[in-house]
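Next up, input-v4.tsv (TSV, C-alpha atoms (C1' of nucleotides)):
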```tsv
chain	number	residue	atom	x	y	z
A	1	MET	CA	18.10	-16.02	7.38
A	2	ASN	CA	15.00	-14.31	6.09
A	3	TYR	CA	14.26	-11.27	3.94
A	4	TRP	CA	11.73	-8.55	4.64
A	5	LEU	CA	10.57	-5.22	3.32
A	6	ILE	CA	10.01	-2.33	5.71
A	7	LYS	CA	8.17	0.73	4.51
A	8	SER	CA	8.46	4.30	5.64
A	9	ASP	CA	7.24	7.68	4.52
A	10	PRO	CA	10.53	9.55	3.96
A	11	GLU	CA	8.94	12.76	5.24
A	12	THR	CA	8.56	11.01	8.58
A	13	TYR	CA	11.66	8.82	8.58
A	14	ALA	CA	13.81	8.38	5.51
A	15	PHE	CA	16.52	5.85	4.72
A	16	GLU	CA	18.97	8.76	4.97
A	17	ASP	CA	17.86	9.25	8.58
A	18	LEU	CA	18.64	5.59	9.29
A	19	CYS	CA	22.08	5.96	7.72
A	20	ARG	CA	22.76	9.03	9.85
A	21	GLU	CA	21.64	7.28	13.04
A	22	GLY	CA	23.25	3.97	12.15
A	23	CYS	CA	20.65	2.01	14.06
A	24	THR	CA	17.05	2.67	15.05
A	25	ALA	CA	13.98	1.14	16.65
A	26	TRP	CA	11.43	0.36	13.93
A	27	ASP	CA	8.36	1.48	15.80
A	28	GLY	CA	4.80	2.68	15.40
A	29	VAL	CA	3.46	-0.40	13.61
A	30	ARG	CA	-0.24	-0.75	14.50
A	31	ASN	CA	-1.43	-3.35	12.05
A	32	PHE	CA	-1.78	-7.00	12.97
A	33	GLN	CA	-0.32	-8.44	9.80
A	34	ALA	CA	2.65	-6.08	9.90
A	35	ARG	CA	3.07	-6.80	13.61
A	36	ASN	CA	3.16	-10.54	12.96
A	37	ASN	CA	5.87	-10.00	10.38
A	38	LEU	CA	7.91	-7.89	12.80
A	39	ALA	CA	7.53	-10.58	15.44
A	40	ALA	CA	8.89	-13.19	13.03
A	41	MET	CA	12.10	-11.27	12.35
A	42	GLN	CA	15.34	-12.68	13.70
A	43	VAL	CA	18.73	-11.11	14.31
A	44	GLY	CA	20.67	-11.16	11.06
A	45	ASP	CA	17.61	-11.00	8.78
A	46	ARG	CA	17.96	-8.58	5.88
A	47	CYS	CA	15.46	-5.85	5.00
A	48	LEU	CA	14.70	-3.82	1.94
A	49	VAL	CA	13.91	-0.26	2.95
A	50	TYR	CA	11.05	1.15	0.91
A	51	HIS	CA	9.92	4.75	0.65
A	52	SER	CA	6.21	5.38	0.19
A	53	GLN	CA	4.43	8.55	-1.02
A	54	ALA	CA	6.45	10.66	-3.50
A	55	ASN	CA	8.78	8.48	-5.61
A	56	PRO	CA	7.73	5.17	-4.10
A	57	GLY	CA	10.34	2.42	-4.34
A	58	VAL	CA	13.16	0.48	-2.71
A	59	VAL	CA	16.04	2.73	-1.70
A	60	GLY	CA	18.35	0.72	0.54
A	61	THR	CA	18.96	-2.23	2.80
A	62	ALA	CA	19.07	-2.81	6.55
A	63	ARG	CA	19.82	-5.62	8.96
A	64	VAL	CA	17.86	-6.75	11.99
A	65	VAL	CA	20.05	-6.35	15.09
A	66	LYS	CA	17.44	-6.92	17.80
A	67	ALA	CA	14.41	-9.20	17.55
A	68	ALA	CA	10.89	-8.15	18.52
A	69	TYR	CA	10.31	-6.51	21.90
A	70	PRO	CA	7.30	-4.55	23.21
A	71	ASP	CA	6.92	-1.05	21.78
A	72	PRO	CA	7.43	1.24	24.80
A	73	LYS	CA	5.09	3.81	23.20
A	74	ALA	CA	2.18	1.39	22.89
A	75	ASP	CA	-0.55	0.80	25.46
A	76	ASP	CA	-0.63	-2.87	24.59
A	77	PRO	CA	2.66	-4.81	24.91
A	78	ARG	CA	1.63	-6.99	22.00
A	79	TRP	CA	2.68	-4.18	19.66
A	80	VAL	CA	6.35	-4.72	19.00
A	81	ASN	CA	9.46	-3.04	17.67
A	82	VAL	CA	12.62	-4.45	16.20
A	83	ASP	CA	15.96	-2.66	15.98
A	84	VAL	CA	17.51	-2.32	12.55
A	85	GLN	CA	20.93	-1.21	11.45
A	86	ALA	CA	21.51	0.71	8.23
A	87	GLY	CA	22.88	-1.39	5.38
A	88	GLU	CA	23.76	0.06	2.02
A	89	PRO	CA	21.87	2.53	-0.13
A	90	LEU	CA	21.03	1.00	-3.51
A	91	VAL	CA	23.37	2.23	-6.23
A	92	ARG	CA	20.19	2.98	-8.13
A	93	PRO	CA	16.88	3.01	-6.23
A	94	VAL	CA	14.26	0.71	-7.73
A	95	PRO	CA	10.95	2.51	-8.26
A	96	LEU	CA	7.62	0.80	-7.64
A	97	ALA	CA	6.84	1.03	-11.35
A	98	GLU	CA	9.78	-1.28	-12.06
A	99	LEU	CA	8.67	-3.76	-9.42
A	100	LYS	CA	5.23	-3.83	-11.04
A	101	ALA	CA	6.73	-4.31	-14.50
A	102	HIS	CA	8.95	-7.22	-13.43
A	103	PRO	CA	7.54	-10.75	-13.79
A	104	VAL	CA	8.89	-11.92	-10.43
A	105	LEU	CA	8.62	-8.69	-8.45
A	106	ALA	CA	5.05	-7.97	-9.49
A	107	GLN	CA	4.18	-10.83	-7.14
A	108	MET	CA	5.79	-9.20	-4.11
A	109	VAL	CA	3.50	-8.81	-1.12
A	110	VAL	CA	4.16	-5.08	-0.98
A	111	VAL	CA	3.07	-4.70	-4.61
A	112	ARG	CA	-0.08	-6.73	-4.14
A	113	GLN	CA	-0.94	-5.25	-0.75
A	114	SER	CA	0.30	-1.69	-0.87
A	115	ARG	CA	-0.91	-0.70	2.58
A	116	LEU	CA	1.04	-3.37	4.45
A	117	SER	CA	4.06	-1.68	6.04
A	118	VAL	CA	6.11	-4.77	6.89
A	119	SER	CA	6.10	-7.66	4.46
A	120	PRO	CA	8.07	-10.81	3.68
A	121	VAL	CA	10.43	-10.96	0.69
A	122	THR	CA	11.51	-14.21	-0.95
A	123	PRO	CA	15.18	-14.91	-1.75
A	124	ALA	CA	14.29	-14.76	-5.46
A	125	GLU	CA	12.66	-11.37	-5.01
A	126	TRP	CA	15.64	-10.06	-3.05
A	127	LYS	CA	17.98	-11.23	-5.79
A	128	ALA	CA	15.85	-9.64	-8.50
A	129	VAL	CA	15.70	-6.29	-6.69
A	130	MET	CA	19.47	-6.32	-6.24
A	131	GLY	CA	19.82	-7.10	-9.93
A	132	LEU	CA	17.67	-4.14	-10.94
A	133	ALA	CA	19.55	-1.88	-8.54
A	134	LYS	CA	22.76	-2.55	-10.44
A	135	LYS	CA	21.34	-1.74	-13.83
A	136	PRO	CA	22.02	1.77	-15.10
A	137	ARG	CA	18.44	2.01	-16.39
A	138	GLY	CA	15.14	0.13	-16.02
B	1	DG	C1'	-6.46	16.43	-4.75
B	2	DC	C1'	-8.70	12.23	-5.87
B	3	DC	C1'	-9.73	7.58	-5.47
B	4	DA	C1'	-9.18	2.63	-4.32
B	5	DA	C1'	-8.11	-0.60	-0.83
B	6	DC	C1'	-8.31	-1.80	3.57
B	7	DG	C1'	-9.01	-1.48	8.69
B	8	DT	C1'	-11.94	-0.06	12.48
B	9	DT	C1'	-16.09	1.25	14.71
B	10	DG	C1'	-20.68	1.06	16.06
B	11	DG	C1'	-25.67	0.05	15.44
B	12	DC	C1'	-28.61	-3.55	15.18
C	1	DG	C1'	-22.08	-11.67	13.81
C	2	DC	C1'	-23.22	-8.67	9.97
C	3	DC	C1'	-22.74	-4.62	7.54
C	4	DA	C1'	-22.70	0.34	6.69
C	5	DA	C1'	-20.15	4.38	7.77
C	6	DC	C1'	-16.08	6.33	8.45
C	7	DG	C1'	-10.96	7.01	8.79
C	8	DT	C1'	-6.30	6.10	7.03
C	9	DT	C1'	-2.87	4.86	3.77
C	10	DG	C1'	-0.72	5.04	-0.48
C	11	DG	C1'	-0.44	5.51	-5.51
C	12	DC	C1'	-1.16	8.40	-9.13
```

Write out the structure in this file as structure tokens.
Amino acid sequence: MNYWLIKSDPETYAFEDLCREGCTAWDGVRNFQARNNLAAMQVGDRCLVYHSQANPGVVGTARVVKAAYPDPKADDPRWVNVDVQAGEPLVRPVPLAELKAHPVLAQMVVVRQSRLSVSPVTPAEWKAVMGLAKKPRG
DNA sequence: GCCAACGTTGGC
DNA sequence: GCCAACGTTGGC
């Protein structure tokens, strides 16, 4: 099982929207690197859901329930979607500033390459984020 | 609103 | 194939 981070602008589609829907197609990715990451996802993989823009940070988790398939809205079938199911909101969201300040998490792909919308997460990074999410304060 | 990083486009 | 110009994204 692998870990990933999927990014969304909450004004467009927030984690709360995913929780309300229960499950959604993660679509609209038009970047090769992000596409390759989507294509590598397997059913059962876990995702951190990250909000960009105002208050950037990790806000919740999700699970991959359907592996990559062509994005019906794309001209080119090589652009793919996956379906994800809402997991749990983090007890305390972890802001980007805390990722940057953390010795392990500062190395996360999303921190180093802020424009990449789908990125891999290592088990150690996942664990560290979950640890921070349980702390009452940074 | 500004700027940096990055991707894409188009001229050559 | 190179590179400058331009557009987009995201953090601050």

Could you list, as a short mmCIF file (atom, residue, chain, number, x, y, z; two decimals) with C-alpha atoms (C1' of nucleotides), in the frame of the given file, every residue of chain C that has an atom within 8 Å of an atom of chain A, counting all atoms listed in the file?
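Saved the output as out_26.cif:
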```
data_model
loop_
_atom_site.label_atom_id
_atom_site.label_comp_id
_atom_site.auth_asym_id
_atom_site.auth_seq_id
_atom_site.Cartn_x
_atom_site.Cartn_y
_atom_site.Cartn_z
"C1'" DT C 9 -2.87 4.86 3.77
"C1'" DG C 10 -0.72 5.04 -0.48
"C1'" DG C 11 -0.44 5.51 -5.51
#
```

Interatomic distance, CA of Glu88 (chain A) to CA of Asp17 (chain A) (Å, one decimal):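 Going from CA of Glu88 (chain A) over to CA of Asp17 (chain A) covers 12.7 Å.
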
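Computed from the coordinates, the C1' of DC12 (chain C) to CA of Ala14 (chain A) distance equals 20.9 Å.
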
Separation of CA of Arg35 (chain A) from CA of Pro77 (chain A) in Å: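 Answer for the CA of Pro77 (chain A) to CA of Arg35 (chain A) separation: 11.5 Å.
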
Counting only C-alpha atoms, the option among A:Val121, A:Ala74, A:Leu18, A:Ala97 closest to Leu5 (chain A): A:Val121

7 Å contact set for Ser119 (chain A), all atoms listed in the file, chain neighbours under 5 positions out, as a ChimeraX atom specification: /A:4-6,34,37,109-110

Contacts of Lys66 (chain A) within 9 Å, all atoms listed in the file, excl. fewer than 6 positions in-chain, as a PyMOL selection string: chain A and resi 25+41-44+81-84

Just C-alpha atoms for this one: save the residues we selected as an mmCIF file, in the frame of the given file.
```cif
data_model
loop_
_atom_site.group_PDB
_atom_site.id
_atom_site.type_symbol
_atom_site.label_atom_id
_atom_site.label_comp_id
_atom_site.auth_asym_id
_atom_site.auth_seq_id
_atom_site.Cartn_x
_atom_site.Cartn_y
_atom_site.Cartn_z
ATOM 1 C CA ALA A 25 13.980 1.140 16.650
ATOM 2 C CA MET A 41 12.100 -11.270 12.350
ATOM 3 C CA GLN A 42 15.340 -12.680 13.700
ATOM 4 C CA VAL A 43 18.730 -11.110 14.310
ATOM 5 C CA GLY A 44 20.670 -11.160 11.060
ATOM 6 C CA ASN A 81 9.460 -3.040 17.670
ATOM 7 C CA VAL A 82 12.620 -4.450 16.200
ATOM 8 C CA ASP A 83 15.960 -2.660 15.980
ATOM 9 C CA VAL A 84 17.510 -2.320 12.550
#
```

4 Å per side around chain C: axis-aligned box centre and edge lengths, as JSON:
```
{"center_x": -11.8, "center_y": -1.6, "center_z": 2.3, "size_x": 30.8, "size_y": 28.1, "size_z": 30.9}
```

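Using all atoms listed in the file, the protein and nucleic acid residues lying at most 10 Å from the point (-8.5, 4.8, 11.3) are DG7, DT8 and DT9 of chain B; DC6, DG7, DT8 and DT9 of chain C.
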
Skipping near chain neighbours, those fewer than 5 positions away, what residues fall within 12 Å of Asp75 (chain A) using all atoms listed in the file, listed as a PDB file with C-alpha atoms, keeping the file's coordinate frame?
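What landed in around19.pdb:
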```pdb
ATOM      1  CA  GLY A  28       4.800   2.680  15.400  1.00  0.00           C
ATOM      2  CA  ARG A  30      -0.240  -0.750  14.500  1.00  0.00           C
ATOM      3  CA  PRO A  70       7.300  -4.550  23.210  1.00  0.00           C
ATOM      4  CA  VAL A  80       6.350  -4.720  19.000  1.00  0.00           C
TER       5      VAL A  80
END
```

With the input short on atoms, add N, CA and C atoms back to region 87-106 of chain A and write it as a short mmCIF file (atom, residue, chain, number, x, y, z; two decimals), in the coordinates of the input.
```cif
data_model
loop_
_atom_site.label_atom_id
_atom_site.label_comp_id
_atom_site.auth_asym_id
_atom_site.auth_seq_id
_atom_site.Cartn_x
_atom_site.Cartn_y
_atom_site.Cartn_z
N GLY A 87 22.02 -0.62 6.27
CA GLY A 87 22.88 -1.39 5.38
C GLY A 87 23.45 -0.43 4.35
N GLU A 88 23.24 -0.77 3.09
CA GLU A 88 23.76 0.06 2.02
C GLU A 88 22.63 0.73 1.26
N PRO A 89 22.84 1.97 0.82
CA PRO A 89 21.87 2.53 -0.13
C PRO A 89 22.01 1.79 -1.46
N LEU A 90 20.92 1.62 -2.20
CA LEU A 90 21.03 1.00 -3.51
C LEU A 90 21.76 1.97 -4.44
N VAL A 91 22.65 1.41 -5.26
CA VAL A 91 23.37 2.23 -6.23
C VAL A 91 22.37 3.02 -7.06
N ARG A 92 21.29 2.33 -7.43
CA ARG A 92 20.19 2.98 -8.13
C ARG A 92 18.90 2.52 -7.47
N PRO A 93 18.14 3.42 -6.85
CA PRO A 93 16.88 3.01 -6.23
C PRO A 93 15.96 2.36 -7.28
N VAL A 94 15.16 1.41 -6.82
CA VAL A 94 14.26 0.71 -7.73
C VAL A 94 12.83 1.20 -7.48
N PRO A 95 12.29 1.97 -8.44
CA PRO A 95 10.95 2.51 -8.26
C PRO A 95 9.86 1.43 -8.31
N LEU A 96 8.75 1.71 -7.65
CA LEU A 96 7.62 0.80 -7.64
C LEU A 96 7.20 0.39 -9.05
N ALA A 97 7.25 1.33 -9.97
CA ALA A 97 6.84 1.03 -11.35
C ALA A 97 7.65 -0.12 -11.94
N GLU A 98 8.94 -0.20 -11.55
CA GLU A 98 9.78 -1.28 -12.06
C GLU A 98 9.47 -2.61 -11.38
N LEU A 99 9.09 -2.53 -10.11
CA LEU A 99 8.67 -3.76 -9.42
C LEU A 99 7.44 -4.32 -10.13
N LYS A 100 6.49 -3.43 -10.41
CA LYS A 100 5.23 -3.83 -11.04
C LYS A 100 5.45 -4.41 -12.44
N ALA A 101 6.48 -3.90 -13.11
CA ALA A 101 6.73 -4.31 -14.50
C ALA A 101 7.54 -5.60 -14.58
N HIS A 102 8.08 -6.06 -13.45
CA HIS A 102 8.95 -7.22 -13.43
C HIS A 102 8.14 -8.49 -13.14
N PRO A 103 8.36 -9.53 -13.94
CA PRO A 103 7.54 -10.75 -13.79
C PRO A 103 7.60 -11.36 -12.39
N VAL A 104 8.77 -11.35 -11.77
CA VAL A 104 8.89 -11.92 -10.43
C VAL A 104 8.42 -10.92 -9.37
N LEU A 105 8.87 -9.68 -9.51
CA LEU A 105 8.62 -8.69 -8.45
C LEU A 105 7.19 -8.20 -8.39
N ALA A 106 6.47 -8.36 -9.48
CA ALA A 106 5.05 -7.97 -9.49
C ALA A 106 4.26 -8.80 -8.49
#
```
